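Colleague: Got a structure for you, entry-v1.csv, holding CSV, C-alpha atoms.
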```csv
chain,number,residue,atom,x,y,z
A,726,MET,CA,39.3,44.7,-42.0
A,727,THR,CA,37.8,41.3,-42.9
A,728,ILE,CA,39.2,38.1,-41.4
A,729,SER,CA,39.4,35.4,-44.0
A,730,ILE,CA,39.2,31.9,-42.6
A,731,HIS,CA,38.3,28.4,-43.8
A,732,PRO,CA,35.9,27.0,-41.2
A,733,ARG,CA,36.7,23.3,-41.8
A,734,THR,CA,40.5,23.7,-41.3
A,735,THR,CA,40.6,26.4,-38.6
A,736,LEU,CA,37.8,25.4,-36.2
A,737,PHE,CA,40.0,23.1,-34.1
A,738,SER,CA,42.9,25.6,-34.2
A,739,ALA,CA,40.6,28.3,-33.0
A,740,LEU,CA,39.3,26.1,-30.1
A,741,LYS,CA,42.7,24.8,-29.2
A,742,PRO,CA,43.8,27.7,-27.0
A,743,HIS,CA,40.6,27.3,-25.0
A,744,LEU,CA,40.7,23.6,-24.4
A,745,LYS,CA,42.2,23.9,-21.0
A,746,GLY,CA,39.6,26.5,-20.1
A,747,LEU,CA,36.8,24.3,-21.3
A,748,LEU,CA,38.1,21.3,-19.4
A,749,ALA,CA,38.6,23.4,-16.3
A,750,GLY,CA,35.0,24.7,-16.6
A,751,ALA,CA,33.6,21.2,-17.0
A,752,VAL,CA,35.5,19.9,-14.0
A,753,SER,CA,34.6,22.9,-11.8
A,754,GLY,CA,30.9,22.5,-12.8
A,755,ALA,CA,31.1,18.8,-11.8
A,756,VAL,CA,32.7,19.5,-8.5
A,757,ILE,CA,30.3,22.3,-7.6
A,758,ALA,CA,27.3,20.1,-8.6
A,759,ALA,CA,28.6,17.3,-6.4
A,760,GLY,CA,29.0,19.6,-3.5
A,761,ILE,CA,25.5,21.0,-3.9
A,762,ALA,CA,24.2,17.4,-4.2
A,763,TYR,CA,26.0,16.5,-0.9
A,764,MET,CA,24.5,19.5,0.9
A,765,ILE,CA,20.9,19.0,-0.3
A,766,PRO,CA,18.9,17.0,2.3
A,767,LYS,CA,18.7,13.4,1.2
A,768,GLN,CA,15.5,11.4,0.7
A,769,TRP,CA,14.8,7.7,1.2
A,770,PRO,CA,11.6,6.0,0.1
A,771,ALA,CA,9.8,3.5,2.3
A,772,THR,CA,7.5,0.9,0.6
A,773,MET,CA,5.0,-1.5,2.0
A,774,LEU,CA,3.0,-4.3,0.3
A,775,LEU,CA,-0.5,-4.7,1.9
A,776,GLN,CA,-3.6,-6.7,1.5
A,777,VAL,CA,-7.0,-5.1,1.8
A,778,GLY,CA,-9.1,-6.8,4.5
A,779,GLN,CA,-12.0,-9.0,3.9
A,780,ILE,CA,-15.1,-10.5,5.5
A,781,GLY,CA,-15.7,-14.2,5.0
A,782,SER,CA,-14.0,-14.6,1.7
A,783,SER,CA,-11.8,-12.8,-0.8
A,784,GLU,CA,-14.9,-11.8,-2.8
A,785,ASN,CA,-16.2,-9.6,0.1
A,786,LEU,CA,-13.4,-7.0,0.5
A,787,LEU,CA,-13.7,-4.2,3.1
A,788,ALA,CA,-13.0,-1.7,0.3
A,789,ASP,CA,-12.3,-1.7,-3.4
A,790,PRO,CA,-8.4,-1.6,-3.9
A,791,ASN,CA,-8.8,1.2,-6.5
A,792,ASN,CA,-10.7,3.3,-4.0
A,793,VAL,CA,-8.1,2.6,-1.3
A,794,ALA,CA,-5.3,3.7,-3.6
A,795,GLN,CA,-7.2,7.0,-4.3
A,796,ARG,CA,-8.0,7.4,-0.6
A,797,VAL,CA,-4.2,7.3,0.2
A,798,LYS,CA,-3.5,10.0,-2.4
A,799,PHE,CA,-6.3,12.2,-1.0
A,800,PRO,CA,-5.1,15.4,0.8
A,801,GLY,CA,-7.4,14.6,3.8
A,802,PHE,CA,-5.7,11.3,4.3
A,803,VAL,CA,-2.3,12.8,4.4
A,804,SER,CA,-3.5,15.4,6.8
A,805,GLN,CA,-4.6,12.6,9.2
A,806,VAL,CA,-1.2,11.0,8.9
A,807,LEU,CA,0.5,14.3,9.8
A,808,GLN,CA,-1.8,14.8,12.8
A,809,ALA,CA,-1.2,11.2,13.9
A,810,GLN,CA,2.5,12.1,14.1
A,811,GLY,CA,2.0,15.5,15.7
A,812,LEU,CA,3.3,17.3,12.6
A,813,PRO,CA,2.0,20.6,11.2
A,814,VAL,CA,-0.6,20.1,8.5
A,815,ASP,CA,0.7,23.3,6.8
A,816,GLU,CA,3.6,22.1,4.7
A,817,ALA,CA,5.2,25.6,4.9
A,818,LEU,CA,5.8,25.1,8.6
A,819,SER,CA,7.6,21.7,8.3
A,820,ALA,CA,10.0,20.3,5.6
A,821,ARG,CA,9.0,16.8,6.8
A,822,SER,CA,5.3,17.6,6.3
A,823,ALA,CA,6.0,19.0,2.9
A,824,LEU,CA,7.9,15.8,1.9
A,825,ILE,CA,5.1,13.5,3.2
A,826,LYS,CA,2.5,15.5,1.2
A,827,LYS,CA,4.5,15.4,-1.9
A,828,SER,CA,5.5,11.7,-1.8
A,829,MET,CA,2.6,9.9,-0.3
A,830,ALA,CA,1.4,7.4,-3.0
A,831,ALA,CA,-0.4,4.1,-3.5
A,832,SER,CA,-1.0,1.8,-6.4
A,833,ILE,CA,-2.3,-1.6,-7.2
A,834,ALA,CA,0.5,-4.1,-7.3
A,835,LYS,CA,0.9,-6.5,-10.2
A,836,GLY,CA,-1.6,-9.3,-9.7
A,837,GLY,CA,-4.5,-7.1,-8.7
A,838,ASN,CA,-5.2,-8.1,-5.1
A,839,LEU,CA,-2.4,-6.3,-3.3
A,840,LEU,CA,-1.6,-2.6,-2.8
A,841,GLU,CA,1.8,-0.9,-2.7
A,842,MET,CA,2.0,2.2,-0.5
A,843,SER,CA,5.0,4.4,-0.3
A,844,VAL,CA,6.2,7.7,1.2
A,845,LYS,CA,9.6,9.4,1.6
A,846,GLY,CA,11.6,10.6,4.6
A,847,ARG,CA,14.9,12.4,5.2
A,848,SER,CA,16.4,9.3,6.8
A,849,PRO,CA,15.6,5.6,6.6
A,850,ALA,CA,14.1,5.6,10.1
A,851,GLU,CA,12.0,8.7,9.3
A,852,ALA,CA,10.7,7.2,6.0
A,853,LYS,CA,9.7,4.0,7.8
A,854,GLN,CA,8.0,5.9,10.6
A,855,ASN,CA,6.1,8.0,8.0
A,856,LEU,CA,4.9,4.9,6.3
A,857,LEU,CA,3.9,3.0,9.4
A,858,ALA,CA,1.9,6.0,10.6
A,859,ALA,CA,0.0,6.1,7.2
A,860,PHE,CA,-0.6,2.4,7.4
A,861,GLN,CA,-2.0,2.7,11.0
A,862,VAL,CA,-4.4,5.4,9.8
A,863,LEU,CA,-5.6,3.2,7.0
A,864,GLN,CA,-6.0,0.2,9.3
A,865,ALA,CA,-8.0,2.2,11.8
A,866,GLU,CA,-10.4,3.3,9.0
A,867,HIS,CA,-10.8,-0.3,7.8
A,868,ALA,CA,-11.3,-1.6,11.4
A,869,GLU,CA,-14.4,0.6,11.6
A,870,LEU,CA,-15.7,-1.1,8.4
A,871,LEU,CA,-14.9,-4.5,9.7
A,872,LEU,CA,-16.4,-4.2,13.2
A,873,PRO,CA,-20.2,-4.3,12.3
A,874,SER,CA,-19.7,-7.4,10.1
A,875,VAL,CA,-17.7,-9.3,12.7
A,876,THR,CA,-20.2,-8.3,15.4
A,877,ARG,CA,-23.1,-9.6,13.2
A,878,LEU,CA,-21.3,-12.9,12.5
A,879,GLU,CA,-20.5,-13.4,16.2
A,880,LYS,CA,-24.1,-12.7,17.2
A,881,ASN,CA,-25.3,-15.2,14.6
A,882,LEU,CA,-22.8,-17.8,15.9
A,883,ALA,CA,-24.0,-17.2,19.5
A,884,ASP,CA,-27.6,-17.5,18.5
A,885,ALA,CA,-26.9,-20.8,16.6
A,886,ARG,CA,-25.1,-22.2,19.6
A,887,LEU,CA,-27.9,-21.2,21.9
A,888,SER,CA,-30.5,-22.8,19.6
A,889,LEU,CA,-28.5,-26.0,19.4
A,890,GLN,CA,-28.3,-26.1,23.1
A,891,LYS,CA,-32.1,-25.6,23.4
A,892,ILE,CA,-32.8,-28.3,20.8
A,893,ASP,CA,-30.5,-30.7,22.7
A,894,SER,CA,-32.4,-30.0,25.9
A,895,GLU,CA,-35.7,-30.6,24.2
A,896,ARG,CA,-34.2,-33.9,22.8
A,897,SER,CA,-33.4,-35.0,26.3
A,898,ALA,CA,-36.9,-34.2,27.3
A,899,ILE,CA,-38.2,-36.3,24.5
A,900,LEU,CA,-36.1,-39.3,25.3
A,901,GLU,CA,-37.4,-39.5,28.9
A,902,PRO,CA,-41.0,-40.3,27.8
A,903,ILE,CA,-39.7,-42.9,25.4
A,904,LYS,CA,-38.2,-44.8,28.3
A,905,ARG,CA,-41.5,-44.6,30.2
A,906,VAL,CA,-43.4,-45.8,27.1
A,907,ASN,CA,-41.1,-48.8,26.8
A,908,SER,CA,-42.2,-49.9,30.3
A,909,ALA,CA,-45.9,-49.3,29.7
A,910,ALA,CA,-48.3,-52.2,30.0
A,911,THR,CA,-50.7,-51.2,27.3
A,912,ILE,CA,-49.3,-52.3,23.9
A,913,GLU,CA,-51.7,-50.0,21.9
A,914,ARG,CA,-50.7,-46.9,23.9
A,915,LYS,CA,-47.0,-47.9,23.7
A,916,PHE,CA,-47.2,-48.1,20.0
A,917,SER,CA,-49.0,-44.8,19.4
A,918,GLU,CA,-46.8,-42.8,21.7
A,919,SER,CA,-43.6,-44.4,20.2
A,920,ILE,CA,-44.7,-43.2,16.8
A,921,LEU,CA,-45.2,-39.6,18.0
A,922,LEU,CA,-42.0,-39.4,20.0
A,923,ALA,CA,-40.0,-40.9,17.2
A,924,SER,CA,-41.3,-38.2,14.9
A,925,LEU,CA,-40.4,-35.5,17.4
A,926,LEU,CA,-37.0,-37.1,17.8
A,927,LYS,CA,-36.4,-37.1,14.0
A,928,SER,CA,-37.5,-33.5,13.7
A,929,SER,CA,-35.0,-32.5,16.5
A,930,ASP,CA,-32.2,-34.4,14.8
A,931,ALA,CA,-32.8,-32.4,11.6
A,932,GLU,CA,-32.9,-29.1,13.5
A,933,MET,CA,-29.6,-30.0,15.3
A,934,ARG,CA,-27.9,-30.8,12.0
A,935,LEU,CA,-29.1,-27.4,10.6
A,936,PHE,CA,-27.7,-25.5,13.6
A,937,ARG,CA,-24.5,-27.4,13.5
A,938,ASP,CA,-24.0,-26.5,9.9
A,939,GLN,CA,-24.7,-22.9,10.7
A,940,ILE,CA,-22.2,-23.0,13.5
A,941,ASN,CA,-19.5,-24.5,11.2
A,942,THR,CA,-20.3,-21.8,8.6
A,943,TYR,CA,-20.0,-18.9,11.0
A,944,ASP,CA,-16.9,-20.4,12.6
A,945,GLU,CA,-15.3,-20.7,9.1
A,946,GLN,CA,-16.3,-17.1,8.2
A,947,LEU,CA,-14.8,-15.8,11.4
A,948,SER,CA,-11.6,-17.6,10.9
A,949,PRO,CA,-8.6,-15.2,10.7
A,950,TYR,CA,-7.8,-16.6,7.3
A,951,ARG,CA,-11.2,-15.5,6.0
A,952,THR,CA,-12.1,-12.4,8.0
A,953,PHE,CA,-9.3,-9.9,8.8
A,954,ASN,CA,-8.4,-6.2,8.7
A,955,THR,CA,-6.2,-4.7,6.1
A,956,LYS,CA,-2.7,-6.0,6.8
A,957,ALA,CA,0.9,-5.9,5.6
A,958,VAL,CA,2.1,-8.9,3.7
A,959,ALA,CA,5.8,-8.0,3.8
A,960,PRO,CA,8.0,-5.9,6.0
A,961,VAL,CA,8.5,-2.2,5.2
A,962,TYR,CA,11.3,-1.9,2.7
A,963,VAL,CA,13.7,1.1,2.7
A,964,PRO,CA,16.8,1.1,0.4
A,965,LYS,CA,20.2,1.5,1.8
A,966,ASN,CA,21.0,4.5,-0.4
A,967,PRO,CA,18.9,7.6,-0.9
A,968,VAL,CA,17.0,8.1,-4.1
A,969,TYR,CA,17.5,11.9,-4.0
A,970,PRO,CA,19.6,13.7,-4.9
A,971,LYS,CA,21.2,11.5,-7.6
A,972,LYS,CA,24.9,12.4,-7.4
A,973,SER,CA,25.7,10.8,-10.8
A,974,ILE,CA,23.0,12.9,-12.5
A,975,ALA,CA,24.1,16.0,-10.6
A,976,VAL,CA,27.8,15.5,-11.6
A,977,ALA,CA,26.8,14.9,-15.3
A,978,ALA,CA,24.6,18.1,-15.3
A,979,GLY,CA,27.4,20.1,-13.6
A,980,LEU,CA,29.9,18.8,-16.1
A,981,LEU,CA,27.8,19.9,-19.1
A,982,LEU,CA,26.8,23.2,-17.6
A,983,GLY,CA,30.4,24.0,-16.7
A,984,PHE,CA,31.5,23.1,-20.2
A,985,LEU,CA,28.8,25.3,-21.7
A,986,LEU,CA,29.7,28.3,-19.5
A,987,ALA,CA,33.4,28.0,-20.3
A,988,GLY,CA,32.5,27.8,-24.0
A,989,VAL,CA,30.3,31.0,-23.8
A,990,THR,CA,33.1,32.8,-22.0
A,991,ALA,CA,35.6,31.7,-24.7
A,992,LEU,CA,33.2,33.1,-27.4
A,993,VAL,CA,32.8,36.4,-25.6
A,994,ARG,CA,36.5,36.9,-25.2
A,995,ASP,CA,37.7,35.5,-28.6
A,996,LYS,CA,36.6,37.5,-31.7
A,997,LYS,CA,38.3,35.1,-34.1
A,998,LEU,CA,36.5,32.1,-32.5
A,999,ARG,CA,33.2,33.9,-32.9
A,1000,ALA,CA,33.9,34.7,-36.6
A,1001,MET,CA,35.0,31.2,-37.3
A,1002,LEU,CA,32.0,29.7,-35.6
A,1003,ALA,CA,29.6,32.0,-37.5
A,1004,GLY,CA,31.3,30.9,-40.7
A,1005,ALA,CA,30.9,27.3,-39.8
A,1006,LEU,CA,27.2,27.8,-39.1
A,1007,HIS,CA,26.6,29.6,-42.4
A,1008,GLU,CA,28.8,27.3,-44.5
A,1009,LYS,CA,26.9,25.9,-47.4
A,1010,PRO,CA,27.1,22.1,-47.9
```
Could you rewrite the structure in this file as structure tokens?

Modeller:
Amino acid sequence: MTISIHPRTTLFSALKPHLKGLLAGAVSGAVIAAGIAYMIPKQWPATMLLQVGQIGSSENLLADPNNVAQRVKFPGFVSQVLQAQGLPVDEALSARSALIKKSMAASIAKGGNLLEMSVKGRSPAEAKQNLLAAFQVLQAEHAELLLPSVTRLEKNLADARLSLQKIDSERSAILEPIKRVNSAATIERKFSESILLASLLKSSDAEMRLFRDQINTYDEQLSPYRTFNTKAVAPVYVPKNPVYPKKSIAVAAGLLLGFLLAGVTALVRDKKLRAMLAGALHEKP
């Protein structure tokens, strides 16, 4: 027996008995998805803006920002962060370790001279702790790069100050004979010795200016505004709401999936609906 139907006029009538079922399926799917999303462990991202350290000037960075970003993404760096917090390196042994390994990231912020580092946690406090641990590991690495240069600058500064002190002592030693020459009776001797001592005095003045300039240069380079370790330029930011799971997306997906499952069930149970749908699909324009 053949069922004769007109697809355009009977499609809605064939679906009408199933509307409540489709609606119920969609609502049920949305409710189930919302429940699942509620039970899934939530995740919060922590973000930090940092400046790569420098020695003397912004042109002499401790490390290239691109290299720093790649270093943060490197598995070895993440392992150091986990060890610093006493967490298992094997992600299979710890959900927290797995999340850190999966979410640890760094990128160059807009502007080119700052880095943005981020990692996730299962609570706002955990996310912040994870990020601070990563930052401390990075700071410790950069401190090792900074130390030799600071030590060298401090030694140069100490040497320049010692040389200046030595020149100053020599200058005092030169001034004493000049006083004696001024009281000498022989004019010829007084004149010749004055020329020599004045020349020595002029030479010591030039050396003192040179060492004072060096001291000022080293002092300026060692200023915390010009020489510093990698540092945070803004507090750690953690949003109030978790970024995973997204309840709105879960509800929308559940709604659609529930509707589709209800539709499939209706097609399986209703022979007339199947025939009518097949006719609609094969209908020539």

Colleague: Can you work out the spacing between atom CA of Ala830 of chain A and atom CA of Phe953 of chain A in Å, to one decimal?

Modeller: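 Atom CA of Ala830 of chain A sits 23.5 Å away from atom CA of Phe953 of chain A.
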
Colleague: Could you check the closest approach to Tyr969 of chain A for each of A:Leu839, A:Leu824, A:Met829, A:Ile892 and tell me which residue wins, using only C-alpha atoms?

Modeller: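 Of A:Leu839, A:Leu824, A:Met829, A:Ile892, the one nearest Tyr969 of chain A, counting only C-alpha atoms, is A:Leu824.
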
Colleague: Using all atoms listed in the file, determine which residues lie at most 12 Å from Glu945 of chain A, disregarding the query and same-chain residues fewer than 4 positions distant; provide the list as a PyMOL selection string.

Modeller: chain A and resi 780-782+878-879+882+938-941+949-952

Colleague: Give me the residues near segment 818-821 of chain A as an MDAnalysis selection string, where near means some atom within 12 Å (using only C-alpha atoms) and where sequence neighbours in that chain fewer than 2 positions away do not count.

Modeller: chainID A and resid 766:768 806:807 810:816 823:829 844:848 851:852 854:855

Colleague: Tell me which of A:Val968, A:Val862, A:His867, A:Met933 sits closest to Lys891 of chain A, counting all atoms listed in the file.

Modeller: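 Nearest candidate to Lys891 of chain A out of A:Val968, A:Val862, A:His867, A:Met933: A:Met933.
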
Colleague: Give me, please, the distance in Å between atom CA of Asn954 of chain A and atom CA of Ala868 of chain A, quoted to one decimal.

Modeller: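 Value for the atom CA of Asn954 of chain A-atom CA of Ala868 of chain A distance: 6.1 Å.
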
Colleague: Let me make sure I understand: among A:Ala959, A:Pro967, A:Ala883, A:Ala977, which one has the smallest atom-to-atom distance to Arg937 of chain A if we use only C-alpha atoms?

Modeller: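 Result for the nearest residue to Arg937 of chain A: A:Ala883.
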
Colleague: Any idea what the distance is between atom CA of Leu947 of chain A and atom CA of Val875 of chain A?

Modeller: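 Rounded to one decimal, the two atoms are 7.2 Å apart.
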
Colleague: Write out as a PDB file with C-alpha atoms, in the frame of the given file the residues lying within 7 Å of Phe936 of chain A, counting only C-alpha atoms and excluding same-chain residues fewer than 4 positions away.

Modeller:
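Below is the file around33.pdb, written as the result:
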```
ATOM      1  CA  ALA A 885     -26.900 -20.800  16.600  1.00  0.00           C
ATOM      2  CA  LEU A 889     -28.500 -26.000  19.400  1.00  0.00           C
ATOM      3  CA  GLU A 932     -32.900 -29.100  13.500  1.00  0.00           C
ATOM      4  CA  ILE A 940     -22.200 -23.000  13.500  1.00  0.00           C
TER       5      ILE A 940
END
```

Colleague: As a PDB file with C-alpha atoms, keeping the file's coordinate frame, please: the residues near Lys956 of chain A (cut-off 7 Å, all atoms listed in the file, same-chain neighbours under 4 positions excluded).

Modeller:
```pdb
ATOM      1  CA  LEU A 775      -0.500  -4.700   1.900  1.00  0.00           C
ATOM      2  CA  GLN A 776      -3.600  -6.700   1.500  1.00  0.00           C
ATOM      3  CA  VAL A 777      -7.000  -5.100   1.800  1.00  0.00           C
ATOM      4  CA  GLY A 778      -9.100  -6.800   4.500  1.00  0.00           C
TER       5      GLY A 778
END
```

Colleague: Please provide the set of residues having any atom within 9 Å of Val961 of chain A, restricted to all atoms listed in the file, with same-chain residues fewer than 2 positions apart removed, written as JSON, numbers by chain.

Modeller: {"A": [771, 772, 773, 774, 853, 856, 857, 957, 959, 963]}

Colleague: Could you check which of A:Leu985, A:Leu787, A:Ala794, A:Ala850 is closest to Leu870 of chain A, using all atoms listed in the file?

Modeller: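 For Leu870 of chain A, the nearest of the candidates is A:Leu787.
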
Colleague: Which residue out of A:Leu982, A:Leu935, A:Leu872, A:Ala788 has the minimum interatomic distance to Ser888 of chain A when all atoms listed in the file are used?

Modeller: A:Leu935

Colleague: Taking N, CA, C and O atoms as the atom set, what does segment 868-891 of chain A look like once completed, written as a compact mmCIF listing (two decimals), keeping the file's coordinate frame?

Modeller:
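Generated output (out-v7.txt):
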```
# COMPACT_ATOMS: atom_id res chain seq x y z
N ALA A 868 -10.80 -0.86 10.17
CA ALA A 868 -11.30 -1.60 11.40
C ALA A 868 -12.75 -1.14 11.65
O ALA A 868 -13.57 -1.95 12.09
N GLU A 869 -13.07 0.12 11.36
CA GLU A 869 -14.40 0.60 11.60
C GLU A 869 -15.39 -0.05 10.57
O GLU A 869 -16.57 -0.26 10.88
N LEU A 870 -14.89 -0.36 9.38
CA LEU A 870 -15.70 -1.10 8.40
C LEU A 870 -15.88 -2.54 8.76
O LEU A 870 -16.92 -3.14 8.47
N LEU A 871 -14.86 -3.10 9.38
CA LEU A 871 -14.90 -4.50 9.70
C LEU A 871 -15.74 -4.85 10.92
O LEU A 871 -16.41 -5.89 10.96
N LEU A 872 -15.76 -3.96 11.90
CA LEU A 872 -16.40 -4.20 13.20
C LEU A 872 -17.89 -4.63 13.08
O LEU A 872 -18.30 -5.64 13.68
N PRO A 873 -18.73 -3.91 12.34
CA PRO A 873 -20.20 -4.30 12.30
C PRO A 873 -20.36 -5.70 11.72
O PRO A 873 -21.22 -6.45 12.22
N SER A 874 -19.59 -6.06 10.72
CA SER A 874 -19.70 -7.40 10.10
C SER A 874 -19.30 -8.48 11.08
O SER A 874 -19.95 -9.53 11.19
N VAL A 875 -18.18 -8.27 11.77
CA VAL A 875 -17.70 -9.30 12.70
C VAL A 875 -18.70 -9.39 13.88
O VAL A 875 -19.01 -10.50 14.34
N THR A 876 -19.25 -8.25 14.33
CA THR A 876 -20.20 -8.30 15.40
C THR A 876 -21.48 -9.07 14.99
O THR A 876 -22.03 -9.87 15.78
N ARG A 877 -21.91 -8.86 13.74
CA ARG A 877 -23.10 -9.60 13.20
C ARG A 877 -22.80 -11.09 13.16
O ARG A 877 -23.65 -11.92 13.57
N LEU A 878 -21.64 -11.48 12.64
CA LEU A 878 -21.30 -12.90 12.50
C LEU A 878 -21.20 -13.55 13.92
O LEU A 878 -21.63 -14.69 14.12
N GLU A 879 -20.61 -12.83 14.87
CA GLU A 879 -20.50 -13.40 16.20
C GLU A 879 -21.84 -13.55 16.89
O GLU A 879 -22.07 -14.52 17.62
N LYS A 880 -22.75 -12.60 16.63
CA LYS A 880 -24.10 -12.70 17.20
C LYS A 880 -24.83 -13.91 16.57
O LYS A 880 -25.51 -14.69 17.27
N ASN A 881 -24.70 -14.07 15.25
CA ASN A 881 -25.30 -15.20 14.60
C ASN A 881 -24.77 -16.53 15.11
O ASN A 881 -25.52 -17.52 15.29
N LEU A 882 -23.47 -16.55 15.36
CA LEU A 882 -22.80 -17.80 15.90
C LEU A 882 -23.37 -18.07 17.30
O LEU A 882 -23.69 -19.23 17.62
N ALA A 883 -23.46 -17.01 18.13
CA ALA A 883 -24.00 -17.20 19.50
C ALA A 883 -25.42 -17.68 19.47
O ALA A 883 -25.81 -18.57 20.25
N ASP A 884 -26.23 -17.11 18.57
CA ASP A 884 -27.60 -17.50 18.50
C ASP A 884 -27.75 -18.98 18.02
O ASP A 884 -28.60 -19.73 18.54
N ALA A 885 -26.92 -19.38 17.06
CA ALA A 885 -26.90 -20.80 16.60
C ALA A 885 -26.55 -21.73 17.68
O ALA A 885 -27.16 -22.81 17.83
N ARG A 886 -25.54 -21.38 18.46
CA ARG A 886 -25.10 -22.20 19.60
C ARG A 886 -26.21 -22.35 20.63
O ARG A 886 -26.43 -23.43 21.21
N LEU A 887 -26.87 -21.22 20.91
CA LEU A 887 -27.90 -21.20 21.90
C LEU A 887 -29.12 -22.08 21.42
O LEU A 887 -29.71 -22.86 22.21
N SER A 888 -29.43 -21.96 20.13
CA SER A 888 -30.50 -22.80 19.60
C SER A 888 -30.19 -24.25 19.61
O SER A 888 -31.05 -25.09 19.90
N LEU A 889 -28.93 -24.57 19.32
CA LEU A 889 -28.50 -26.00 19.40
C LEU A 889 -28.62 -26.51 20.79
O LEU A 889 -29.07 -27.66 21.01
N GLN A 890 -28.24 -25.70 21.74
CA GLN A 890 -28.30 -26.10 23.10
C GLN A 890 -29.79 -26.33 23.55
O GLN A 890 -30.12 -27.30 24.27
N LYS A 891 -30.66 -25.46 23.05
CA LYS A 891 -32.10 -25.60 23.40
C LYS A 891 -32.66 -26.85 22.75
O LYS A 891 -33.42 -27.59 23.41
```
